[in-house]
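Heads up, start-v3.cif below (mmCIF, C-alpha atoms (C1' of nucleotides)):
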data_entry
#
loop_
_atom_site.label_atom_id
_atom_site.label_comp_id
_atom_site.auth_asym_id
_atom_site.auth_seq_id
_atom_site.Cartn_x
_atom_site.Cartn_y
_atom_site.Cartn_z
CA MET A 4 -7.87 33.80 2.49
CA SER A 5 -6.18 37.12 2.01
CA LYS A 6 -2.90 35.24 2.21
CA ILE A 7 -3.73 33.60 -1.10
CA ALA A 8 -4.73 36.66 -3.16
CA SER A 9 -4.78 40.30 -2.26
CA LEU A 10 -8.10 41.78 -1.19
CA THR A 11 -8.93 45.32 -0.19
CA GLU A 12 -10.00 46.02 3.41
CA GLU A 13 -13.52 46.56 2.12
CA GLU A 14 -13.52 43.21 0.32
CA LYS A 15 -12.20 41.45 3.41
CA LYS A 16 -15.06 42.83 5.47
CA LEU A 17 -17.59 41.88 2.84
CA LEU A 18 -16.19 38.36 2.61
CA ALA A 19 -16.15 37.97 6.39
CA GLY A 20 -19.79 39.06 6.47
CA LEU A 21 -20.68 36.24 4.08
CA HIS A 22 -19.21 33.65 6.44
CA THR A 23 -20.97 32.08 9.40
CA ARG A 24 -19.02 31.07 12.45
CA LYS A 25 -19.90 27.65 13.81
CA GLN A 26 -18.84 25.32 16.59
CA TYR A 27 -18.86 21.58 16.10
CA LYS A 28 -18.59 18.99 18.85
CA LYS A 29 -16.09 16.19 18.51
CA LYS A 30 -17.31 13.39 16.21
CA SER A 31 -19.96 15.50 14.46
CA VAL A 32 -20.40 15.02 10.73
CA ILE A 33 -20.13 18.37 8.96
CA ASP A 34 -20.51 17.15 5.38
CA GLN A 35 -21.89 13.75 4.47
CA GLN A 36 -20.45 11.50 1.78
CA GLY A 37 -22.97 10.99 -1.02
CA SER A 38 -24.75 14.30 -0.53
CA ILE A 39 -23.91 17.69 -2.02
CA SER A 40 -21.41 19.72 -0.08
CA LYS A 41 -23.15 22.63 1.57
CA ALA A 42 -20.22 24.96 2.20
CA VAL A 43 -16.51 25.63 2.08
CA TYR A 44 -14.94 25.76 5.51
CA TYR A 45 -12.10 27.60 7.08
CA LEU A 46 -10.89 25.88 10.22
CA ASN A 47 -10.04 28.30 13.03
CA ASN A 48 -9.36 25.70 15.64
CA GLY A 49 -9.46 21.94 16.05
CA ILE A 50 -8.87 19.07 13.63
CA LEU A 51 -11.11 17.86 10.82
CA SER A 52 -10.95 14.65 8.85
CA MET A 53 -11.93 13.81 5.31
CA GLU A 54 -13.15 10.22 5.28
CA TYR A 55 -14.70 7.85 2.82
CA GLN A 56 -16.67 4.72 3.34
CA HIS A 57 -15.90 1.77 1.10
CA GLY A 58 -18.03 -1.25 1.80
CA SER A 59 -18.15 -1.64 5.56
CA LYS A 60 -14.81 0.05 6.16
CA VAL A 61 -14.03 3.72 6.74
CA PHE A 62 -10.84 5.24 5.38
CA VAL A 63 -9.23 8.51 6.37
CA ARG A 64 -8.42 10.43 3.21
CA ASP A 65 -6.86 13.42 4.98
CA PHE A 66 -6.59 15.48 8.13
CA ILE A 67 -7.22 19.22 8.16
CA PHE A 68 -5.45 21.25 10.82
CA ARG A 69 -6.15 24.76 12.16
CA ASP A 70 -5.87 27.80 9.91
CA SER A 71 -6.57 25.81 6.75
CA PRO A 72 -9.44 25.64 4.29
CA ALA A 73 -11.54 22.52 3.91
CA LEU A 74 -13.26 21.94 0.61
CA VAL A 75 -15.31 19.02 -0.66
CA TYR A 76 -14.04 19.16 -4.19
CA PRO A 77 -15.51 18.97 -6.75
CA SER A 78 -18.88 18.42 -5.04
CA PHE A 79 -19.07 22.02 -3.79
CA TYR A 80 -18.55 23.53 -7.24
CA LEU A 81 -20.47 21.06 -9.34
CA GLU A 82 -23.23 20.35 -6.84
CA GLU A 83 -22.84 16.63 -7.30
CA PRO A 84 -22.70 13.88 -4.61
CA SER A 85 -19.40 14.01 -2.76
CA ARG A 86 -16.92 11.14 -2.56
CA TYR A 87 -16.18 11.74 1.12
CA SER A 88 -17.40 13.13 4.43
CA ILE A 89 -15.94 15.89 6.58
CA LYS A 90 -15.95 15.16 10.30
CA ALA A 91 -14.76 16.90 13.45
CA ILE A 92 -12.08 14.81 15.14
CA THR A 93 -11.84 17.27 18.04
CA ASP A 94 -14.18 20.11 18.99
CA CYS A 95 -13.92 22.54 16.12
CA ASP A 96 -14.37 26.22 15.44
CA VAL A 97 -15.00 26.95 11.76
CA TRP A 98 -16.02 29.69 9.37
CA GLU A 99 -18.52 28.49 6.79
CA LEU A 100 -19.17 29.98 3.36
CA THR A 101 -22.28 28.55 1.74
CA LYS A 102 -22.61 28.04 -2.00
CA GLU A 103 -25.16 30.90 -2.20
CA ASN A 104 -22.89 33.32 -0.38
CA PHE A 105 -19.95 32.17 -2.46
CA GLU A 106 -21.89 33.08 -5.61
CA ILE A 107 -22.84 36.47 -4.12
CA GLY A 108 -19.22 37.05 -3.18
CA LYS A 109 -17.94 36.14 -6.64
CA LYS A 110 -20.08 38.91 -8.15
CA LYS A 111 -18.80 41.52 -5.72
CA ILE A 112 -15.18 40.46 -5.26
CA PRO A 113 -13.32 39.92 -8.55
CA ASN A 114 -10.43 38.07 -6.90
CA LEU A 115 -12.65 35.50 -5.17
CA GLY A 116 -12.80 33.30 -8.26
CA ILE A 117 -9.01 33.32 -8.38
CA ILE A 118 -8.79 32.45 -4.69
CA ALA A 119 -11.18 29.54 -5.22
CA PHE A 120 -9.10 28.36 -8.17
CA LYS A 121 -5.93 28.50 -6.10
CA ILE A 122 -7.49 26.62 -3.19
CA THR A 123 -8.62 24.00 -5.70
CA ASN A 124 -5.06 23.72 -6.95
CA LEU A 125 -3.78 23.29 -3.40
CA PHE A 126 -6.19 20.41 -2.93
CA HIS A 127 -5.08 18.82 -6.12
CA GLN A 128 -1.41 19.13 -5.26
CA ASN A 129 -2.16 17.69 -1.85
CA ILE A 130 -3.62 14.46 -3.26
CA GLU A 131 -0.88 14.24 -5.91
CA ARG A 132 1.75 14.37 -3.19
CA ARG A 133 -0.18 11.87 -1.10
CA PHE A 134 -0.52 9.49 -4.02
CA GLU A 135 3.15 9.84 -4.85
CA SER A 136 4.29 9.08 -1.31
CA MET A 137 1.90 6.12 -1.25
CA ILE A 138 3.67 4.64 -4.28
CA THR A 139 7.24 5.63 -3.55
CA LYS A 140 7.55 5.35 0.24
CA SER A 141 7.21 2.66 2.89
CA ALA A 142 4.55 2.92 5.61
CA GLU A 143 7.30 3.68 8.14
CA ASP A 144 8.61 6.58 6.04
CA ARG A 145 5.08 7.87 5.51
CA TYR A 146 4.53 7.81 9.26
CA LEU A 147 7.78 9.66 9.96
CA GLU A 148 6.88 12.24 7.31
CA LEU A 149 3.50 12.81 8.94
CA VAL A 150 4.87 13.12 12.47
CA GLU A 151 7.57 15.51 11.27
CA ASN A 152 4.99 17.80 9.66
CA HIS A 153 2.54 17.51 12.56
CA PRO A 154 4.32 16.52 15.78
CA LYS A 155 1.22 17.06 17.93
CA ILE A 156 -0.76 14.54 15.91
CA ILE A 157 0.03 11.72 18.34
CA GLN A 158 -1.66 13.46 21.24
CA SER A 159 -4.84 14.40 19.43
CA ILE A 160 -5.56 11.71 16.86
CA SER A 161 -6.08 8.02 17.59
CA LEU A 162 -3.60 5.47 16.31
CA LYS A 163 -6.38 3.81 14.37
CA MET A 164 -7.14 6.96 12.37
CA ILE A 165 -3.48 7.66 11.72
CA ALA A 166 -3.06 4.09 10.50
CA SER A 167 -6.07 4.49 8.23
CA TYR A 168 -4.58 7.72 6.84
CA LEU A 169 -1.35 5.87 6.12
CA GLY A 170 -3.20 3.04 4.41
CA ILE A 171 -2.28 0.35 6.95
CA THR A 172 -3.95 -1.37 9.92
CA ASP A 173 -3.73 -0.18 13.51
CA VAL A 174 -1.75 -3.31 14.38
CA ALA A 175 0.83 -2.55 11.71
CA LEU A 176 1.25 1.03 12.93
CA SER A 177 1.68 -0.12 16.52
CA ARG A 178 4.39 -2.46 15.28
CA ILE A 179 6.11 0.36 13.37
CA ARG A 180 6.06 2.51 16.50
CA SER A 181 7.70 -0.12 18.67
CA ARG A 182 10.27 -0.80 15.95
CA LEU A 183 11.09 2.92 15.84
CA SER A 184 11.37 3.28 19.61
CA LYS A 185 13.79 0.35 19.68
CA LYS A 186 15.86 2.05 16.98
CA VAL A 187 15.98 5.24 19.06
CA ALA A 188 16.90 3.28 22.20
CA LYS A 189 19.81 1.68 20.35
CA ASN A 190 21.36 5.09 19.78
CA TYR A 191 21.95 5.61 23.55
CA MET B 13 -14.22 19.00 -26.42
CA SER B 14 -17.71 19.80 -27.60
CA LYS B 15 -18.82 16.68 -25.75
CA ILE B 16 -18.04 18.44 -22.49
CA ALA B 17 -19.82 21.78 -23.05
CA SER B 18 -21.89 22.98 -25.98
CA LEU B 19 -20.17 25.14 -28.58
CA THR B 20 -21.57 26.74 -31.71
CA GLU B 21 -20.30 25.56 -35.11
CA GLU B 22 -18.43 28.83 -35.40
CA GLU B 23 -16.77 28.35 -32.02
CA LYS B 24 -15.80 24.80 -32.90
CA LYS B 25 -14.07 26.00 -36.07
CA LEU B 26 -12.31 28.78 -34.18
CA LEU B 27 -11.14 26.39 -31.50
CA ALA B 28 -9.93 23.87 -34.08
CA GLY B 29 -7.96 26.64 -35.76
CA LEU B 30 -6.15 27.35 -32.49
CA HIS B 31 -4.96 23.75 -32.29
CA THR B 32 -1.89 22.32 -34.02
CA ARG B 33 -1.86 18.75 -35.17
CA LYS B 34 1.30 16.87 -34.35
CA GLN B 35 2.75 13.39 -34.71
CA TYR B 36 5.02 11.94 -32.07
CA LYS B 37 7.19 8.87 -32.47
CA LYS B 38 7.09 6.16 -29.83
CA LYS B 39 9.17 7.06 -26.74
CA SER B 40 9.27 10.80 -27.44
CA VAL B 41 8.91 13.15 -24.47
CA ILE B 42 6.11 15.61 -25.12
CA ASP B 43 6.23 17.47 -21.81
CA GLN B 44 9.19 17.30 -19.44
CA GLN B 45 8.85 16.99 -15.65
CA GLY B 46 10.28 20.06 -13.94
CA SER B 47 9.59 22.45 -16.79
CA ILE B 48 6.43 24.41 -17.51
CA SER B 49 3.81 22.58 -19.52
CA LYS B 50 3.66 24.04 -22.99
CA ALA B 51 0.22 22.90 -24.10
CA VAL B 52 -2.94 20.92 -23.45
CA TYR B 53 -3.25 17.90 -25.65
CA TYR B 54 -6.07 16.00 -27.20
CA LEU B 55 -5.05 12.50 -28.16
CA ASN B 56 -6.44 11.39 -31.50
CA ASN B 57 -4.62 8.14 -31.71
CA GLY B 58 -2.03 6.18 -29.72
CA ILE B 59 -1.26 5.94 -26.01
CA LEU B 60 0.40 8.51 -23.79
CA SER B 61 1.82 8.10 -20.31
CA MET B 62 2.15 10.48 -17.41
CA GLU B 63 5.32 9.59 -15.53
CA TYR B 64 7.31 10.99 -12.69
CA GLN B 65 10.87 10.43 -11.69
CA HIS B 66 11.60 9.92 -7.99
CA GLY B 67 15.27 9.47 -7.25
CA SER B 68 16.59 7.05 -9.85
CA LYS B 69 13.24 5.35 -10.43
CA VAL B 70 10.49 6.22 -12.89
CA PHE B 71 6.85 5.72 -11.95
CA VAL B 72 3.86 5.64 -14.26
CA ARG B 73 1.21 7.93 -12.84
CA ASP B 74 -1.35 7.27 -15.57
CA PHE B 75 -2.04 6.16 -19.11
CA ILE B 76 -3.97 8.29 -21.57
CA PHE B 77 -5.88 6.50 -24.32
CA ARG B 78 -7.23 7.76 -27.64
CA ASP B 79 -9.97 10.40 -27.76
CA SER B 80 -9.01 11.84 -24.38
CA PRO B 81 -7.50 15.10 -23.21
CA ALA B 82 -4.07 15.19 -21.57
CA LEU B 83 -3.33 18.02 -19.22
CA VAL B 84 -0.32 18.72 -17.04
CA TYR B 85 -2.25 20.13 -14.15
CA PRO B 86 -1.72 22.57 -12.51
CA SER B 87 1.51 23.40 -14.37
CA PHE B 88 -0.31 24.45 -17.54
CA TYR B 89 -2.57 26.94 -15.76
CA LEU B 90 -0.15 28.29 -13.18
CA GLU B 91 2.95 28.17 -15.36
CA GLU B 92 4.94 26.45 -12.64
CA PRO B 93 7.29 23.43 -12.96
CA SER B 94 5.30 20.27 -13.53
CA ARG B 95 5.40 17.23 -11.26
CA TYR B 96 5.44 14.79 -14.17
CA SER B 97 6.30 14.20 -17.82
CA ILE B 98 4.06 13.25 -20.71
CA LYS B 99 5.49 10.62 -23.04
CA ALA B 100 4.34 8.77 -26.13
CA ILE B 101 4.17 5.03 -25.42
CA THR B 102 3.19 4.26 -29.00
CA ASP B 103 3.32 6.51 -32.06
CA CYS B 104 0.83 9.25 -31.33
CA ASP B 105 -1.35 11.67 -33.20
CA VAL B 106 -2.35 14.67 -31.06
CA TRP B 107 -3.97 18.08 -31.23
CA GLU B 108 -2.07 20.68 -29.23
CA LEU B 109 -3.44 23.88 -27.75
CA THR B 110 -0.70 26.19 -26.50
CA LYS B 111 -1.11 28.43 -23.47
CA GLU B 112 -1.15 31.53 -25.74
CA ASN B 113 -3.85 30.12 -27.99
CA PHE B 114 -5.80 28.96 -24.96
CA GLU B 115 -5.82 32.56 -23.67
CA ILE B 116 -6.89 33.84 -27.08
CA GLY B 117 -9.64 31.23 -27.19
CA LYS B 118 -10.88 32.11 -23.71
CA LYS B 119 -11.52 35.69 -24.84
CA LYS B 120 -13.46 34.62 -27.90
CA ILE B 121 -15.28 31.53 -26.63
CA PRO B 122 -17.14 32.11 -23.37
CA ASN B 123 -17.61 28.40 -22.70
CA LEU B 124 -13.91 27.55 -23.00
CA GLY B 125 -13.21 28.50 -19.40
CA ILE B 126 -15.99 26.16 -18.31
CA ILE B 127 -14.61 23.37 -20.50
CA ALA B 128 -11.17 23.84 -18.94
CA PHE B 129 -12.70 23.75 -15.48
CA LYS B 130 -14.54 20.52 -16.26
CA ILE B 131 -11.46 18.87 -17.70
CA THR B 132 -9.63 19.89 -14.53
CA ASN B 133 -12.36 18.26 -12.48
CA LEU B 134 -12.08 15.07 -14.53
CA PHE B 135 -8.37 14.95 -13.77
CA HIS B 136 -9.01 15.45 -10.11
CA GLN B 137 -11.64 12.74 -9.98
CA ASN B 138 -9.28 10.46 -11.83
CA ILE B 139 -6.54 10.73 -9.21
CA GLU B 140 -9.06 10.50 -6.36
CA ARG B 141 -10.32 7.21 -7.77
CA ARG B 142 -6.78 6.01 -8.30
CA PHE B 143 -5.79 6.89 -4.76
CA GLU B 144 -8.90 5.22 -3.39
CA SER B 145 -8.29 1.98 -5.28
CA MET B 146 -4.65 2.07 -4.14
CA ILE B 147 -5.78 2.12 -0.52
CA THR B 148 -8.79 -0.15 -0.72
CA LYS B 149 -7.82 -2.79 -3.27
CA SER B 150 -5.16 -5.44 -3.71
CA ALA B 151 -2.70 -5.31 -6.62
CA GLU B 152 -4.54 -8.23 -8.22
CA ASP B 153 -7.88 -6.41 -8.06
CA ARG B 154 -6.30 -3.23 -9.40
CA TYR B 155 -4.91 -5.21 -12.31
CA LEU B 156 -8.25 -6.83 -13.07
CA GLU B 157 -9.94 -3.44 -12.91
CA LEU B 158 -7.44 -2.00 -15.39
CA VAL B 159 -7.73 -4.89 -17.84
CA GLU B 160 -11.50 -4.74 -17.66
CA ASN B 161 -11.52 -1.04 -18.54
CA HIS B 162 -8.82 -1.39 -21.21
CA PRO B 163 -8.66 -4.95 -22.51
CA LYS B 164 -6.20 -4.05 -25.29
CA ILE B 165 -3.65 -2.75 -22.79
CA ILE B 166 -1.80 -6.09 -22.67
CA GLN B 167 -0.96 -5.95 -26.35
CA SER B 168 0.27 -2.37 -26.43
CA ILE B 169 1.86 -1.60 -23.06
CA SER B 170 4.79 -3.45 -21.52
CA LEU B 171 4.31 -5.45 -18.35
CA LYS B 172 6.88 -3.27 -16.63
CA MET B 173 4.90 -0.09 -17.24
CA ILE B 174 1.63 -1.69 -16.21
CA ALA B 175 3.30 -2.89 -13.02
CA SER B 176 4.61 0.59 -12.36
CA TYR B 177 1.13 2.00 -12.90
CA LEU B 178 -0.21 -0.49 -10.36
CA GLY B 179 2.48 0.40 -7.84
CA ILE B 180 4.20 -3.00 -7.89
CA THR B 181 7.28 -4.55 -9.52
CA ASP B 182 7.28 -6.33 -12.85
CA VAL B 183 8.09 -9.60 -11.07
CA ALA B 184 5.04 -9.24 -8.83
CA LEU B 185 2.77 -8.56 -11.82
CA SER B 186 4.11 -11.59 -13.68
CA ARG B 187 3.32 -13.64 -10.58
CA ILE B 188 -0.20 -12.24 -10.42
CA ARG B 189 -0.73 -13.12 -14.09
CA SER B 190 0.32 -16.70 -13.68
CA ARG B 191 -1.82 -17.00 -10.54
CA LEU B 192 -4.82 -15.69 -12.49
CA SER B 193 -4.27 -18.01 -15.47
CA LYS B 194 -4.14 -20.97 -13.08
CA LYS B 195 -7.42 -19.83 -11.54
CA VAL B 196 -9.02 -19.67 -15.00
CA ALA B 197 -7.61 -23.10 -15.90
CA LYS B 198 -9.19 -24.59 -12.77
CA ASN B 199 -12.65 -23.60 -14.01
CA TYR B 200 -12.40 -25.98 -17.00
"C1'" DC C 24 22.46 -12.05 -40.29
"C1'" DT C 25 24.42 -11.77 -35.89
"C1'" DT C 26 25.01 -9.57 -31.61
"C1'" DT C 27 23.16 -6.92 -28.12
"C1'" DT C 28 19.54 -5.36 -25.48
"C1'" DA C 29 14.92 -5.42 -23.58
"C1'" DT C 30 10.94 -8.23 -22.09
"C1'" DC C 31 8.83 -11.74 -19.59
"C1'" DT C 32 8.68 -15.77 -16.59
"C1'" DT C 33 9.97 -18.63 -12.81
"C1'" DA C 34 12.31 -19.82 -8.48
"C1'" DA C 35 14.28 -18.98 -3.85
"C1'" DC C 36 14.51 -16.24 -0.13
"C1'" DC C 37 13.13 -12.34 2.89
"C1'" DT C 38 10.44 -8.69 4.89
"C1'" DA C 39 6.31 -5.82 5.59
"C1'" DA C 40 1.89 -5.99 6.57
"C1'" DG C 41 -2.86 -8.46 7.15
"C1'" DT C 42 -5.54 -11.40 10.44
"C1'" DT C 43 -6.88 -13.11 14.71
"C1'" DA C 44 -6.70 -13.05 19.39
"C1'" DA C 45 -5.62 -11.91 24.08
"C1'" DG C 46 -4.48 -8.79 27.67
"C1'" DA C 47 -3.53 -4.05 29.70
"C1'" DA C 48 -4.81 0.64 30.06
"C1'" DT C 49 -7.58 4.26 29.34
"C1'" DT C 50 -12.00 6.49 28.64
"C1'" DA C 51 -17.22 6.52 28.57
"C1'" DT C 52 -21.31 5.62 30.39
"C1'" DA C 53 -25.06 3.46 33.14
"C1'" DT D 5 -18.35 3.95 41.48
"C1'" DA D 6 -18.79 -0.03 38.78
"C1'" DT D 7 -19.30 -1.72 34.29
"C1'" DA D 8 -18.84 -1.45 29.52
"C1'" DA D 9 -16.52 0.06 25.56
"C1'" DT D 10 -12.45 1.88 23.26
"C1'" DT D 11 -7.63 2.13 22.57
"C1'" DC D 12 -3.20 0.34 22.27
"C1'" DT D 13 0.26 -3.27 22.44
"C1'" DT D 14 2.14 -7.75 21.70
"C1'" DA D 15 2.34 -12.44 19.81
"C1'" DA D 16 1.63 -16.11 16.36
"C1'" DC D 17 0.63 -17.19 11.98
"C1'" DT D 18 -0.18 -16.28 6.99
"C1'" DT D 19 0.25 -13.99 2.66
"C1'" DA D 20 1.53 -10.45 -0.75
"C1'" DG D 21 5.06 -8.39 -2.58
"C1'" DG D 22 10.27 -6.92 -2.81
"C1'" DT D 23 14.95 -8.55 -4.22
"C1'" DT D 24 18.11 -11.13 -6.71
"C1'" DA D 25 19.17 -14.08 -10.20
"C1'" DA D 26 18.84 -17.15 -14.09
"C1'" DG D 27 16.92 -18.60 -18.36
"C1'" DA D 28 13.84 -17.98 -22.57
"C1'" DT D 29 12.05 -15.28 -26.01
"C1'" DA D 30 11.58 -11.30 -28.76
"C1'" DA D 31 13.04 -6.97 -30.54
"C1'" DA D 32 16.73 -3.53 -31.80
"C1'" DA D 33 20.90 -2.29 -33.47
"C1'" DG D 34 25.15 -3.00 -35.63
#
Give the structure from the file, written as structure tokens.
Amino acid sequence: MSKIASLTEEEKKLLAGLHTRKQYKKKSVIDQQGSISKAVYYLNNGILSMEYQHGSKVFVRDFIFRDSPALVYPSFYLEEPSRYSIKAITDCDVWELTKENFEIGKKKIPNLGIIAFKITNLFHQNIERRFESMITKSAEDRYLELVENHPKIIQSISLKMIASYLGITDVALSRIRSRLSKKVAKNY
Amino acid sequence: MSKIASLTEEEKKLLAGLHTRKQYKKKSVIDQQGSISKAVYYLNNGILSMEYQHGSKVFVRDFIFRDSPALVYPSFYLEEPSRYSIKAITDCDVWELTKENFEIGKKKIPNLGIIAFKITNLFHQNIERRFESMITKSAEDRYLELVENHPKIIQSISLKMIASYLGITDVALSRIRSRLSKKVAKNY
DNA sequence: CTTTTATCTTAACCTAAGTTAAGAATTATA
DNA sequence: TATAATTCTTAACTTAGGTTAAGATAAAAG
């Protein structure tokens, strides 16, 4: 967090003390859609997913990779039912900051409100970008964009989840992959 | 704004005094993509659009109808280049609150920060919903949803802009319309 | 009032992606 | 270890939507 706004050494220690370190096994549900988000998370290691259920189907809204914050926004701030769940795709190692400790921290660390505001902005920009690429780009381009930003994604996340993230079916993604590998083969 | 958080009569007057009433002719650009948003707007009358340019094409990100706030988020708060423009689709009558006056207001009206935060949350929820319906619904369903929420939209907004909002071409929307009118005809 | 421009519809053709299904390969589990 | 359950690929078929183009109507602009 100290990357986002400057904190004194003392404040860093205080903030760290307000966090709880937790381990989650693969497939565990950390925050449940429909209930009030219990904490903000900072992911030390592993991969998280933000998912929402719509009818009988589950959609991947986003992936969260190591060294990033995970926030169920605005549920965490407003204490209202959340639109999505947070799940562990792999075994995960996270720092949790509960709502109570966040409020305690805000009183003691003036910059914490600003940090929260900036994280919120990051989340907003993230979905804006995602929405924009959904409208302006083809599924193939969206896939290439994702793989470029996160090359290791193929090893650790199932094709079905990646397809869901991209807004297409697993069959369609498999087709895109084989089309791409044929394109690459042509260049030799 | 007083619908969103309670303000005293005195505060309401003060806040109103910080606003400037302006008239915009149809097609005028109120806030330009790439530059820093100059104000928050409250739309008294008319229809605004949020648009972004991507390459040579223009996409409608959202419509703003009367009695609603319009915010270029997060450009207005962070004073960074905005991702989209705000334009007047029809002649518009708006209240403007500049960044300077917003800062003045925040010092004098304790609840104004909270109002700003809530408006921000509304904007976030808006794009979340839009993203979700983009992924989970067909263009036809998205169109029906839009018309249901804003029946007068057909009279005041061109088919091309509505299509852009839905993420499809004008030809595709025209096709959807004729398909729907045939469906209705069948029921008689 | 006339010409130009924008708006909307319709048709023909094409491609991307959904659906269903079947088979191979990998991973879980009894 | 054997069986069951996922995961991934491929194929066949269908449908929604993109592209191009042409014609009709309506709105701007001269």
Next on the checklist: What does the structure give for the distance between atom CA of B:Thr32 and atom CA of A:Ile117, in Å to one decimal?
Outcome noted: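 We find that atom CA of B:Thr32 and atom CA of A:Ile117 lie 28.8 Å from each other.
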Next on the checklist: List as a VMD selection string the protein and nucleic acid residues near C:DT43, meaning an atom at most 12 Å away when all atoms listed in the file are counted, but skip any in the same chain fewer than 6 places from it.
Outcome noted: (chain A and resid 174) or (chain D and resid 15 to 18)
Next on the checklist: Using only C-alpha atoms (C1' of nucleotides), which protein or nucleic acid residues come within 12 Å of D:DT11? Drop anything in the same chain fewer than 3 positions from it, and give the result as a list in words.
Outcome noted: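 The residues satisfying every condition are Ile160, Ser161, Leu162, Lys163, Met164, Asp173, Val174 and Ser177 of chain A; DA47, DA48, DT49 and DT50 of chain C.
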Next on the checklist: Tell me as a list in words which residues belonging to chain C come within 9 Å of chain A, counting only C-alpha atoms (C1' of nucleotides).
Outcome noted: DA39, DA40 and DG41 of chain C
Report the residues retrieved by the PyMOL selection byres ((chain D and resi 28) around 12) from the displayed file, expressed as a JSON list (two decimals) with C-alpha atoms (C1' of nucleotides), keeping the file's coordinate frame.
[["chain", "number", "residue", "atom", "x", "y", "z"],
["C", 30, "DT", "C1'", 10.94, -8.23, -22.09],
["C", 31, "DC", "C1'", 8.83, -11.74, -19.59],
["C", 32, "DT", "C1'", 8.68, -15.77, -16.59],
["C", 33, "DT", "C1'", 9.97, -18.63, -12.81],
["D", 26, "DA", "C1'", 18.84, -17.15, -14.09],
["D", 27, "DG", "C1'", 16.92, -18.60, -18.36],
["D", 29, "DT", "C1'", 12.05, -15.28, -26.01],
["D", 30, "DA", "C1'", 11.58, -11.30, -28.76]]
Checklist entry - What do you get, as a PyMOL selection string, if you spell out every residue that the PyMOL selection byres ((chain D) within 10 of (chain A)) selects here? => result chain D and resi 11-14
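The space between atom CA of B:Ser168 and atom CA of B:Arg141 spans 23.5 Å.
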Next on the checklist: Quick check, in Å to one decimal: how far apart do atom CA of A:Thr101 and atom CA of A:Val43 lie?
Outcome noted: 6.5 Å
Just say which residues the PyMOL selection byres ((chain B) within 7 of (chain A)) picks in this file, as a compact mmCIF listing (two decimals) with C-alpha atoms, keeping the file's coordinate frame.
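Final output, part_8.txt:
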# COMPACT_ATOMS: atom_id res chain seq x y z
CA PRO B 86 -1.72 22.57 -12.51
CA ASN B 133 -12.36 18.26 -12.48
CA HIS B 136 -9.01 15.45 -10.11
CA PHE B 143 -5.79 6.89 -4.76
CA ILE B 147 -5.78 2.12 -0.52
CA GLY B 179 2.48 0.40 -7.84
Next on the checklist: Quick one: residues within 10 Å of A:Asp34, only C-alpha atoms (C1' of nucleotides), excluding same-chain residues fewer than 5 positions away - as a list in words?
Outcome noted: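 Result of the neighbour search: Ile39, Ser40, Lys41, Ala42, Val43, Met53, Leu74, Val75, Ser85, Tyr87, Ser88, Ile89, Lys90 and Ala91 of chain A.
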Convert the current residue selection to file output with C-alpha atoms, as a short mmCIF file (atom, residue, chain, number, x, y, z; two decimals), keeping the file's coordinate frame.
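Ended up saving to result31.cif:
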data_model
loop_
_atom_site.label_atom_id
_atom_site.label_comp_id
_atom_site.auth_asym_id
_atom_site.auth_seq_id
_atom_site.Cartn_x
_atom_site.Cartn_y
_atom_site.Cartn_z
CA ILE A 39 -23.91 17.69 -2.02
CA SER A 40 -21.41 19.72 -0.08
CA LYS A 41 -23.15 22.63 1.57
CA ALA A 42 -20.22 24.96 2.20
CA VAL A 43 -16.51 25.63 2.08
CA MET A 53 -11.93 13.81 5.31
CA LEU A 74 -13.26 21.94 0.61
CA VAL A 75 -15.31 19.02 -0.66
CA SER A 85 -19.40 14.01 -2.76
CA TYR A 87 -16.18 11.74 1.12
CA SER A 88 -17.40 13.13 4.43
CA ILE A 89 -15.94 15.89 6.58
CA LYS A 90 -15.95 15.16 10.30
CA ALA A 91 -14.76 16.90 13.45
#
Next on the checklist: I want to know what sits within 12 Å of B:Gly29, based on all atoms listed in the file, with residues of the same chain fewer than 6 positions away left out; could you give that as a PyMOL selection string?
Outcome noted: chain B and resi 22-23+107-110+113-114+116-117
Checklist entry - Which polymer residues have any atom within 6 Å of an atom of B:Asn57, counting only C-alpha atoms (C1' of nucleotides), with same-chain residues fewer than 2 positions away left out, as a PyMOL selection string? => result chain B and resi 55+78+104-105
My structure is short of atoms at stretch 59-64 of chain A; please model N, CA and C atoms there, returning them as a tab-separated table (two decimals), in the frame of the given file.
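Output below, filename part_13.tsv:
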chain	number	residue	atom	x	y	z
A	59	SER	N	-17.87	-1.83	4.14
A	59	SER	CA	-18.15	-1.64	5.56
A	59	SER	C	-17.03	-0.85	6.27
A	60	LYS	N	-15.95	-0.60	5.53
A	60	LYS	CA	-14.81	0.05	6.16
A	60	LYS	C	-14.76	1.56	5.90
A	61	VAL	N	-14.19	2.28	6.87
A	61	VAL	CA	-14.03	3.72	6.74
A	61	VAL	C	-12.54	4.02	6.59
A	62	PHE	N	-12.22	4.87	5.61
A	62	PHE	CA	-10.84	5.24	5.38
A	62	PHE	C	-10.65	6.74	5.55
A	63	VAL	N	-9.55	7.10	6.20
A	63	VAL	CA	-9.23	8.51	6.37
A	63	VAL	C	-8.47	8.99	5.15
A	64	ARG	N	-9.05	9.91	4.42
A	64	ARG	CA	-8.42	10.43	3.21
A	64	ARG	C	-7.41	11.53	3.56
